[in-house]
file structure.cif (mmCIF, C-alpha atoms)
data_protein
#
loop_
_atom_site.group_PDB
_atom_site.id
_atom_site.type_symbol
_atom_site.label_atom_id
_atom_site.label_comp_id
_atom_site.auth_asym_id
_atom_site.auth_seq_id
_atom_site.Cartn_x
_atom_site.Cartn_y
_atom_site.Cartn_z
ATOM 1 C CA MET A 1 0.000 0.000 0.000
ATOM 2 C CA SER A 2 1.326 3.451 -0.903
ATOM 3 C CA VAL A 3 2.011 5.964 1.866
ATOM 4 C CA LEU A 4 0.006 9.187 1.669
ATOM 5 C CA LEU A 5 2.172 12.318 1.881
ATOM 6 C CA GLU A 6 0.638 15.398 3.530
ATOM 7 C CA ILE A 7 2.565 18.674 3.262
ATOM 8 C CA ILE A 8 2.010 21.968 5.080
ATOM 9 C CA ALA A 9 1.182 25.005 2.952
ATOM 10 C CA THR A 10 1.255 28.588 4.181
ATOM 11 C CA SER A 11 0.516 30.219 0.819
ATOM 12 C CA ALA A 12 -1.458 29.512 -2.312
ATOM 13 C CA GLU A 13 1.843 29.188 -4.187
ATOM 14 C CA ASP A 14 2.837 26.424 -1.760
ATOM 15 C CA CYS A 15 -0.312 24.516 -2.698
ATOM 16 C CA ALA A 16 0.551 24.568 -6.394
ATOM 17 C CA VAL A 17 4.118 23.418 -5.652
ATOM 18 C CA ILE A 18 2.903 20.569 -3.442
ATOM 19 C CA GLU A 19 0.584 19.262 -6.147
ATOM 20 C CA ARG A 20 3.214 19.578 -8.874
ATOM 21 C CA THR A 21 5.919 17.754 -6.906
ATOM 22 C CA GLY A 22 3.919 14.779 -5.679
ATOM 23 C CA GLY A 23 2.165 15.684 -2.443
ATOM 24 C CA ASP A 24 -1.151 13.960 -1.817
ATOM 25 C CA ARG A 25 -2.856 16.225 0.707
ATOM 26 C CA ILE A 26 -2.372 19.722 2.140
ATOM 27 C CA GLU A 27 -2.604 21.149 5.627
ATOM 28 C CA LEU A 28 -3.269 24.852 5.124
ATOM 29 C CA CYS A 29 -2.314 27.286 7.862
ATOM 30 C CA SER A 30 -0.599 30.587 8.542
ATOM 31 C CA ALA A 31 2.229 31.475 10.944
ATOM 32 C CA LEU A 32 3.985 28.124 10.941
ATOM 33 C CA SER A 33 6.690 29.618 13.162
ATOM 34 C CA LEU A 34 3.991 29.802 15.862
ATOM 35 C CA GLY A 35 2.956 26.200 15.305
ATOM 36 C CA GLY A 36 0.350 27.054 12.660
ATOM 37 C CA LEU A 37 -2.656 29.361 12.962
ATOM 38 C CA THR A 38 -5.944 29.716 11.072
ATOM 39 C CA PRO A 39 -5.357 30.862 7.470
ATOM 40 C CA SER A 40 -7.079 33.988 6.197
ATOM 41 C CA ALA A 41 -10.252 33.790 4.151
ATOM 42 C CA ALA A 42 -8.409 35.017 1.066
ATOM 43 C CA LEU A 43 -5.668 32.409 1.487
ATOM 44 C CA VAL A 44 -8.211 29.601 1.735
ATOM 45 C CA GLN A 45 -9.983 30.755 -1.399
ATOM 46 C CA ARG A 46 -6.769 31.183 -3.391
ATOM 47 C CA ALA A 47 -5.546 27.771 -2.235
ATOM 48 C CA LYS A 48 -8.767 26.223 -3.485
ATOM 49 C CA ALA A 49 -8.237 27.948 -6.820
ATOM 50 C CA LEU A 50 -4.663 26.698 -7.289
ATOM 51 C CA THR A 51 -4.907 23.022 -6.349
ATOM 52 C CA ARG A 52 -7.167 20.021 -6.705
ATOM 53 C CA LEU A 53 -5.564 18.289 -3.736
ATOM 54 C CA PRO A 54 -7.584 17.815 -0.537
ATOM 55 C CA ILE A 55 -7.130 20.796 1.795
ATOM 56 C CA MET A 56 -7.195 20.427 5.577
ATOM 57 C CA MET A 57 -7.829 23.881 7.067
ATOM 58 C CA MET A 58 -6.249 24.754 10.410
ATOM 59 C CA LEU A 59 -8.562 26.086 13.126
ATOM 60 C CA ARG A 60 -6.286 27.670 15.720
ATOM 61 C CA PRO A 61 -6.999 31.245 16.784
ATOM 62 C CA ARG A 62 -3.776 31.861 18.709
ATOM 63 C CA GLU A 63 -0.424 30.424 19.710
ATOM 64 C CA GLY A 64 0.526 29.055 23.115
ATOM 65 C CA GLY A 65 -1.747 26.199 24.114
ATOM 66 C CA PHE A 66 -5.150 24.739 23.385
ATOM 67 C CA CYS A 67 -7.510 25.681 26.227
ATOM 68 C CA TYR A 68 -9.536 28.387 24.520
ATOM 69 C CA SER A 69 -11.756 31.120 25.889
ATOM 70 C CA PRO A 70 -15.443 31.064 24.902
ATOM 71 C CA GLU A 71 -14.834 33.861 22.389
ATOM 72 C CA GLU A 72 -11.823 32.074 20.858
ATOM 73 C CA PHE A 73 -13.893 28.939 20.450
ATOM 74 C CA ARG A 74 -16.712 30.898 18.767
ATOM 75 C CA GLN A 75 -14.113 32.184 16.322
ATOM 76 C CA MET A 76 -12.982 28.622 15.570
ATOM 77 C CA ALA A 77 -16.568 27.580 14.866
ATOM 78 C CA LEU A 78 -17.112 30.552 12.549
ATOM 79 C CA ASP A 79 -13.882 29.778 10.670
ATOM 80 C CA LEU A 80 -15.072 26.191 10.265
ATOM 81 C CA LYS A 81 -18.382 27.359 8.798
ATOM 82 C CA PHE A 82 -16.476 29.554 6.353
ATOM 83 C CA GLY A 83 -14.340 26.572 5.346
ATOM 84 C CA LEU A 84 -17.461 24.531 4.695
ATOM 85 C CA ALA A 85 -18.891 27.300 2.531
ATOM 86 C CA VAL A 86 -15.813 27.465 0.286
ATOM 87 C CA GLY A 87 -15.432 23.689 0.047
ATOM 88 C CA VAL A 88 -12.374 22.697 2.037
ATOM 89 C CA ASP A 89 -12.065 18.973 2.614
ATOM 90 C CA GLY A 90 -11.380 18.911 6.336
ATOM 91 C CA PHE A 91 -10.430 20.759 9.492
ATOM 92 C CA VAL A 92 -7.447 20.559 11.842
ATOM 93 C CA PHE A 93 -7.943 21.515 15.484
ATOM 94 C CA GLY A 94 -7.288 20.517 19.068
ATOM 95 C CA CYS A 95 -9.179 21.475 22.214
ATOM 96 C CA LEU A 96 -7.871 20.641 25.680
ATOM 97 C CA HIS A 97 -8.839 21.318 29.273
ATOM 98 C CA GLN A 98 -6.386 23.093 31.561
ATOM 99 C CA ASP A 99 -5.135 19.697 32.788
ATOM 100 C CA GLY A 100 -4.273 18.673 29.219
ATOM 101 C CA THR A 101 -7.072 16.154 28.776
ATOM 102 C CA VAL A 102 -9.198 16.249 25.623
ATOM 103 C CA ASP A 103 -12.105 18.690 25.778
ATOM 104 C CA ALA A 104 -14.685 16.193 24.563
ATOM 105 C CA ARG A 105 -17.589 18.651 24.499
ATOM 106 C CA ARG A 106 -15.857 21.174 22.250
ATOM 107 C CA THR A 107 -14.307 18.487 20.067
ATOM 108 C CA ALA A 108 -17.702 16.862 19.567
ATOM 109 C CA HIS A 109 -19.184 20.250 18.632
ATOM 110 C CA LEU A 110 -16.572 20.842 15.925
ATOM 111 C CA VAL A 111 -16.947 17.298 14.583
ATOM 112 C CA LYS A 112 -20.695 17.872 14.324
ATOM 113 C CA LEU A 113 -20.240 21.259 12.638
ATOM 114 C CA ALA A 114 -17.865 19.669 10.111
ATOM 115 C CA ALA A 115 -20.882 17.807 8.727
ATOM 116 C CA GLY A 116 -19.041 14.741 7.501
ATOM 117 C CA ARG A 117 -15.839 16.474 6.376
ATOM 118 C CA GLN A 118 -12.582 15.063 7.699
ATOM 119 C CA THR A 119 -11.551 16.145 11.185
ATOM 120 C CA VAL A 120 -7.982 16.057 12.442
ATOM 121 C CA PHE A 121 -6.954 16.409 16.085
ATOM 122 C CA HIS A 122 -3.535 18.026 15.793
ATOM 123 C CA ARG A 123 -0.482 17.850 18.044
ATOM 124 C CA ALA A 124 -2.431 19.158 20.999
ATOM 125 C CA PHE A 125 -2.707 15.378 21.370
ATOM 126 C CA ASP A 126 0.975 15.290 22.337
ATOM 127 C CA ALA A 127 0.244 17.456 25.387
ATOM 128 C CA THR A 128 -2.294 14.999 26.819
ATOM 129 C CA PRO A 129 -1.148 13.173 29.978
ATOM 130 C CA ASP A 130 -2.544 9.783 28.875
ATOM 131 C CA PRO A 131 -2.302 9.297 25.097
ATOM 132 C CA ALA A 132 -4.008 5.896 25.137
ATOM 133 C CA ALA A 133 -7.042 7.320 26.932
ATOM 134 C CA ALA A 134 -7.041 10.416 24.715
ATOM 135 C CA LEU A 135 -7.042 8.233 21.607
ATOM 136 C CA GLU A 136 -10.070 6.281 22.835
ATOM 137 C CA THR A 137 -11.899 9.549 23.513
ATOM 138 C CA LEU A 138 -11.215 10.800 19.996
ATOM 139 C CA ILE A 139 -12.365 7.493 18.525
ATOM 140 C CA GLU A 140 -15.637 7.748 20.450
ATOM 141 C CA LEU A 141 -16.118 11.305 19.185
ATOM 142 C CA GLY A 142 -15.731 10.273 15.544
ATOM 143 C CA VAL A 143 -12.533 12.170 14.763
ATOM 144 C CA THR A 144 -11.019 11.088 11.436
ATOM 145 C CA ARG A 145 -7.333 11.166 12.376
ATOM 146 C CA VAL A 146 -4.749 12.227 14.934
ATOM 147 C CA LEU A 147 -1.549 14.119 14.077
ATOM 148 C CA THR A 148 1.150 13.115 16.549
ATOM 149 C CA SER A 149 4.886 13.115 17.131
ATOM 150 C CA GLY A 150 4.535 10.459 19.804
ATOM 151 C CA ARG A 151 4.902 13.116 22.534
ATOM 152 C CA GLN A 152 8.460 13.905 21.405
ATOM 153 C CA ALA A 153 10.054 16.841 19.611
ATOM 154 C CA THR A 154 10.167 14.829 16.376
ATOM 155 C CA ALA A 155 8.125 11.947 15.021
ATOM 156 C CA LEU A 156 11.243 9.833 14.631
ATOM 157 C CA ALA A 157 12.053 10.251 18.333
ATOM 158 C CA GLY A 158 8.446 9.318 19.153
ATOM 159 C CA ALA A 159 8.235 6.433 16.678
ATOM 160 C CA ASP A 160 7.769 3.751 19.334
ATOM 161 C CA LEU A 161 4.703 5.433 20.833
ATOM 162 C CA ILE A 162 3.323 6.215 17.377
ATOM 163 C CA GLY A 163 3.615 2.528 16.526
ATOM 164 C CA THR A 164 1.755 1.660 19.729
ATOM 165 C CA LEU A 165 -1.004 4.113 18.806
ATOM 166 C CA VAL A 166 -1.273 2.585 15.327
ATOM 167 C CA GLU A 167 -1.781 -0.817 16.951
ATOM 168 C CA GLN A 168 -4.289 0.554 19.446
ATOM 169 C CA SER A 169 -6.260 2.325 16.729
ATOM 170 C CA ALA A 170 -6.932 -0.980 14.938
ATOM 171 C CA GLY A 171 -8.386 0.888 11.985
ATOM 172 C CA ARG A 172 -10.863 2.862 14.112
ATOM 173 C CA ILE A 173 -9.029 6.159 13.617
ATOM 174 C CA GLU A 174 -6.138 7.213 11.383
ATOM 175 C CA ILE A 175 -2.718 7.934 12.883
ATOM 176 C CA LEU A 176 -0.671 10.614 11.100
ATOM 177 C CA PRO A 177 2.986 10.877 12.202
ATOM 178 C CA GLY A 178 4.425 14.365 11.945
ATOM 179 C CA ALA A 179 7.048 16.803 13.308
ATOM 180 C CA GLY A 180 10.564 17.180 11.979
ATOM 181 C CA VAL A 181 10.045 14.603 9.230
ATOM 182 C CA ARG A 182 12.743 14.672 6.546
ATOM 183 C CA THR A 183 13.531 12.591 3.490
ATOM 184 C CA GLU A 184 16.600 10.955 5.046
ATOM 185 C CA HIS A 185 14.569 9.169 7.728
ATOM 186 C CA VAL A 186 10.984 9.027 6.422
ATOM 187 C CA VAL A 187 11.295 5.389 5.324
ATOM 188 C CA GLU A 188 12.610 4.372 8.740
ATOM 189 C CA LEU A 189 9.719 6.243 10.376
ATOM 190 C CA MET A 190 7.140 4.437 8.269
ATOM 191 C CA GLN A 191 8.738 1.049 8.870
ATOM 192 C CA ARG A 192 8.912 1.548 12.632
ATOM 193 C CA THR A 193 5.397 2.941 13.071
ATOM 194 C CA LYS A 194 3.535 0.924 10.420
ATOM 195 C CA ALA A 195 1.583 4.099 9.638
ATOM 196 C CA GLN A 196 0.129 4.571 6.158
ATOM 197 C CA GLN A 197 0.472 8.350 5.948
ATOM 198 C CA VAL A 198 2.945 11.017 7.000
ATOM 199 C CA HIS A 199 2.921 14.777 7.593
ATOM 200 C CA ALA A 200 5.855 17.080 6.799
ATOM 201 C CA SER A 201 6.606 20.776 6.407
ATOM 202 C CA ALA A 202 9.247 20.226 3.679
ATOM 203 C CA SER A 203 10.373 23.811 4.140
ATOM 204 C CA ARG A 204 13.144 26.083 3.016
ATOM 205 C CA ILE A 205 13.822 29.750 3.758
ATOM 206 C CA ASP A 206 13.529 32.370 1.008
ATOM 207 C CA ILE A 207 15.057 35.797 1.557
ATOM 208 C CA ASP A 208 13.054 39.019 1.238
ATOM 209 C CA LEU A 209 15.561 41.792 0.446
ATOM 210 C CA SER A 210 13.241 44.668 1.351
ATOM 211 C CA THR A 211 14.567 45.109 4.904
ATOM 212 C CA GLN A 212 18.299 44.978 4.139
ATOM 213 C CA ALA A 213 18.740 48.753 4.348
ATOM 214 C CA ASN A 214 18.098 48.606 8.109
ATOM 215 C CA PRO A 215 19.206 45.220 9.458
ATOM 216 C CA ALA A 216 18.956 46.463 13.059
ATOM 217 C CA LEU A 217 15.190 46.092 12.888
ATOM 218 C CA GLY A 218 13.311 42.771 12.955
ATOM 219 C CA PHE A 219 9.956 41.971 11.428
ATOM 220 C CA GLY A 220 9.372 38.395 12.569
ATOM 221 C CA GLY A 221 11.269 36.596 9.822
ATOM 222 C CA ALA A 222 14.384 34.463 10.003
ATOM 223 C CA PRO A 223 17.346 36.876 10.290
ATOM 224 C CA ALA A 224 19.736 36.987 7.344
ATOM 225 C CA ALA A 225 22.488 39.351 6.208
ATOM 226 C CA GLN A 226 20.560 40.374 3.100
ATOM 227 C CA GLY A 227 17.183 40.942 4.770
ATOM 228 C CA GLU A 228 14.793 38.503 6.420
ATOM 229 C CA GLY A 229 13.786 34.988 5.518
ATOM 230 C CA HIS A 230 10.315 33.508 5.231
ATOM 231 C CA ARG A 231 9.219 29.903 5.000
ATOM 232 C CA VAL A 232 8.137 28.331 1.686
ATOM 233 C CA VAL A 233 7.652 24.754 0.544
ATOM 234 C CA ASP A 234 10.855 23.177 -0.780
ATOM 235 C CA ASP A 235 9.858 21.561 -4.073
ATOM 236 C CA ALA A 236 12.982 19.381 -4.136
ATOM 237 C CA GLU A 237 12.283 18.060 -0.634
ATOM 238 C CA VAL A 238 8.679 17.150 -1.475
ATOM 239 C CA ALA A 239 9.768 15.325 -4.624
ATOM 240 C CA ALA A 240 12.582 13.520 -2.794
ATOM 241 C CA MET A 241 10.292 12.453 0.043
ATOM 242 C CA LYS A 242 7.698 11.140 -2.410
ATOM 243 C CA HIS A 243 10.435 9.192 -4.204
ATOM 244 C CA ALA A 244 11.695 7.721 -0.933
ATOM 245 C CA LEU A 245 8.195 6.643 0.081
ATOM 246 C CA ALA A 246 7.712 4.913 -3.269
ATOM 247 C CA SER A 247 10.277 2.314 -2.132
ATOM 248 C CA LEU A 248 7.733 1.077 0.414
ATOM 249 C CA GLU A 249 5.103 0.183 -2.188
#

call {"tool": "encode", "arguments": {"input": "structure.cif", "output": "structure tokens"}}
result
Amino acid sequence: MSVLLEIIATSAEDCAVIERTGGDRIELCSALSLGGLTPSAALVQRAKALTRLPIMMMLRPREGGFCYSPEEFRQMALDLKFGLAVGVDGFVFGCLHQDGTVDARRTAHLVKLAAGRQTVFHRAFDATPDPAAALETLIELGVTRVLTSGRQATALAGADLIGTLVEQSAGRIEILPGAGVRTEHVVELMQRTKAQQVHASASRIDIDLSTQANPALGFGGAPAAQGEGHRVVDDAEVAAMKHALASLE
């Protein structure tokens, strides 16, 4: 069975590159340096215009945790309804209580609002104190898949737990390994976890020269001598990862 390759996009241009170089599915977000936030309405619509690949839309109103205020959660629900209206294929979110356990009530509400579209519980899962119990909760709530690094900084470091979750899932929910995935170890990750899909950023840094006249100032990008860098999809990395995964077929 072929391994499905999901790549993060933070621009409409990224979406076109991902499709052209062999990606199978897109997670669309903004502000990847903050862990990924909800994309703008215009970005979602332009992404839909530039790719036929399935688009999973991030629902995350802010950085720094997953226990949202009532107003933040209303915003997530409104963003979901917008995504439905423009035809995205699924939604990526994670709602936790202050103790890190899954907020079942809010998760169930978003699953219901998604009206049969795919739902993905993102790496908020890796903050839960009992991943086995959290997985069973998400199965009961009808979540489509879980994005996880196995509670480690990278999916490769968490491969043993990811493999355990794949076994526990027994086909009742999809397990999507992700975090720090690169071409040089993606085959090992798939072999160790027995997962059938993988999530990667496949990024490189492009330089924007517009700030080079005053390098003392910072505008949130990666610092560079010529200006500031911003993240884009690396077409060569996507193609190389797809080629590496083909060896598993």

call {"tool": "resolve_selection", "arguments": {"input": "structure.cif", "expression": "the PyMOL selection byres ((chain A and resi 32-42) around 7)", "output": "list in words"}}
result
Leu28, Cys29, Ser30, Ala31, Leu43, Val44, Gln45, Arg46, Met58, Leu59, Arg60, Pro61, Arg62 and Glu63 of chain A

call {"tool": "residues_around", "arguments": {"input": "structure.cif", "residues": "Val232 in chain A", "least_positions_apart": "4", "cutoff": "10 Å", "atoms": "only C-alpha atoms", "output": "list in words"}}
result
Ile8, Ala9, Thr10, Ser11, Glu13, Asp14, Val17, Ser201, Ala202, Ser203, Arg204, Ile205 and Asp206 of chain A

call {"tool": "resolve_selection", "arguments": {"input": "structure.cif", "expression": "the PyMOL selection byres ((chain A and resi 91) around 8)", "output": "list in words"}}
result
Met56, Met57, Met58, Leu59, Leu80, Val88, Asp89, Gly90, Val92, Phe93, Ala114, Arg117, Gln118, Thr119 and Val120 of chain A

call {"tool": "atom_distance", "arguments": {"input": "structure.cif", "atom1": "CA of Ala47 in chain A", "atom2": "CA of Gly218 in chain A"}}
result
28.5 Å

call {"tool": "closest_residue", "arguments": {"input": "structure.cif", "among": "A:His122, A:His199, A:Lys194, A:Arg231", "to": "Thr107 in chain A", "atoms": "all atoms listed in the file"}}
result
A:His122

call {"tool": "closest_residue", "arguments": {"input": "structure.cif", "among": "A:Gly178, A:Gly171, A:Pro70, A:Gly142", "to": "Ala157 in chain A", "atoms": "all atoms listed in the file"}}
result
A:Gly178

call {"tool": "closest_residue", "arguments": {"input": "structure.cif", "among": "A:Cys15, A:Ala236, A:Ile55, A:Leu138", "to": "Arg106 in chain A", "atoms": "all atoms listed in the file"}}
result
A:Leu138

call {"tool": "resolve_selection", "arguments": {"input": "structure.cif", "expression": "the PyMOL selection byres ((chain A and resi 245) around 9)", "output": "list in words"}}
result
Ser2, Val3, Leu4, Leu5, Thr183, Val186, Val187, Met190, Ala240, Met241, Lys242, His243, Ala244, Ala246, Ser247, Leu248 and Glu249 of chain A

call {"tool": "atom_distance", "arguments": {"input": "structure.cif", "atom1": "CA of Gly64 in chain A", "atom2": "CA of Glu174 in chain A"}}
result
25.7 Å

call {"tool": "atom_distance", "arguments": {"input": "structure.cif", "atom1": "CA of Leu189 in chain A", "atom2": "CA of Glu19 in chain A"}}
result
22.9 Å

call {"tool": "residues_around", "arguments": {"input": "structure.cif", "residues": "range 220-228 of chain A", "least_positions_apart": "5", "cutoff": "6 Å", "atoms": "only C-alpha atoms", "output": "PyMOL selection string"}}
result
chain A and resi 207-209+211-212

call {"tool": "decode", "arguments": {"input": "structure.cif", "residues": "range 32-60 of chain A", "atoms": "N, CA and C atoms", "output": "compact mmCIF listing (two decimals), in the first residue's frame"}}
result
# COMPACT_ATOMS: atom_id res chain seq x y z
N LEU A 32 3.43 29.42 10.55
CA LEU A 32 3.98 28.12 10.94
C LEU A 32 5.03 28.27 12.04
N SER A 33 5.70 29.41 12.10
CA SER A 33 6.69 29.62 13.16
C SER A 33 6.05 29.64 14.55
N LEU A 34 4.74 29.84 14.60
CA LEU A 34 3.99 29.80 15.86
C LEU A 34 3.27 28.48 16.05
N GLY A 35 3.60 27.50 15.22
CA GLY A 35 2.96 26.20 15.30
C GLY A 35 1.79 26.05 14.37
N GLY A 36 1.46 27.10 13.60
CA GLY A 36 0.35 27.05 12.66
C GLY A 36 -0.90 27.68 13.24
N LEU A 37 -1.42 28.70 12.56
CA LEU A 37 -2.66 29.36 12.96
C LEU A 37 -3.65 29.32 11.81
N THR A 38 -4.89 29.73 12.08
CA THR A 38 -5.94 29.72 11.07
C THR A 38 -5.54 30.57 9.87
N PRO A 39 -5.66 30.06 8.66
CA PRO A 39 -5.36 30.86 7.47
C PRO A 39 -6.45 31.90 7.23
N SER A 40 -6.10 32.96 6.52
CA SER A 40 -7.08 33.99 6.20
C SER A 40 -8.10 33.46 5.19
N ALA A 41 -9.22 34.17 5.11
CA ALA A 41 -10.25 33.79 4.15
C ALA A 41 -9.72 33.85 2.72
N ALA A 42 -8.95 34.89 2.42
CA ALA A 42 -8.41 35.02 1.07
C ALA A 42 -7.44 33.89 0.75
N LEU A 43 -6.61 33.50 1.72
CA LEU A 43 -5.67 32.41 1.49
C LEU A 43 -6.41 31.11 1.20
N VAL A 44 -7.45 30.84 1.96
CA VAL A 44 -8.21 29.60 1.73
C VAL A 44 -8.80 29.60 0.33
N GLN A 45 -9.35 30.71 -0.08
CA GLN A 45 -9.98 30.76 -1.40
C GLN A 45 -8.95 30.65 -2.51
N ARG A 46 -7.80 31.28 -2.36
CA ARG A 46 -6.77 31.18 -3.39
C ARG A 46 -6.17 29.77 -3.43
N ALA A 47 -6.04 29.15 -2.26
CA ALA A 47 -5.55 27.77 -2.24
C ALA A 47 -6.50 26.85 -2.99
N LYS A 48 -7.78 27.03 -2.76
CA LYS A 48 -8.77 26.22 -3.48
C LYS A 48 -8.66 26.44 -5.00
N ALA A 49 -8.32 27.64 -5.39
CA ALA A 49 -8.24 27.95 -6.82
C ALA A 49 -7.01 27.34 -7.48
N LEU A 50 -5.94 27.10 -6.69
CA LEU A 50 -4.66 26.70 -7.29
C LEU A 50 -4.34 25.22 -7.13
N THR A 51 -5.19 24.45 -6.47
CA THR A 51 -4.91 23.02 -6.35
C THR A 51 -6.19 22.20 -6.33
N ARG A 52 -6.07 20.98 -6.81
CA ARG A 52 -7.17 20.02 -6.71
C ARG A 52 -6.96 19.06 -5.55
N LEU A 53 -5.83 19.18 -4.86
CA LEU A 53 -5.56 18.29 -3.74
C LEU A 53 -6.50 18.58 -2.57
N PRO A 54 -6.78 17.58 -1.73
CA PRO A 54 -7.58 17.81 -0.54
C PRO A 54 -6.89 18.82 0.38
N ILE A 55 -7.65 19.76 0.91
CA ILE A 55 -7.13 20.80 1.80
C ILE A 55 -7.72 20.62 3.19
N MET A 56 -6.81 20.47 4.17
CA MET A 56 -7.19 20.43 5.58
C MET A 56 -6.91 21.81 6.17
N MET A 57 -7.93 22.49 6.60
CA MET A 57 -7.83 23.88 7.07
C MET A 57 -7.60 23.92 8.58
N MET A 58 -6.55 24.60 8.99
CA MET A 58 -6.25 24.75 10.41
C MET A 58 -7.27 25.66 11.08
N LEU A 59 -7.71 25.25 12.27
CA LEU A 59 -8.56 26.09 13.13
C LEU A 59 -7.81 26.30 14.44
N ARG A 60 -7.05 27.36 14.51
CA ARG A 60 -6.29 27.67 15.72
C ARG A 60 -6.17 29.18 15.83
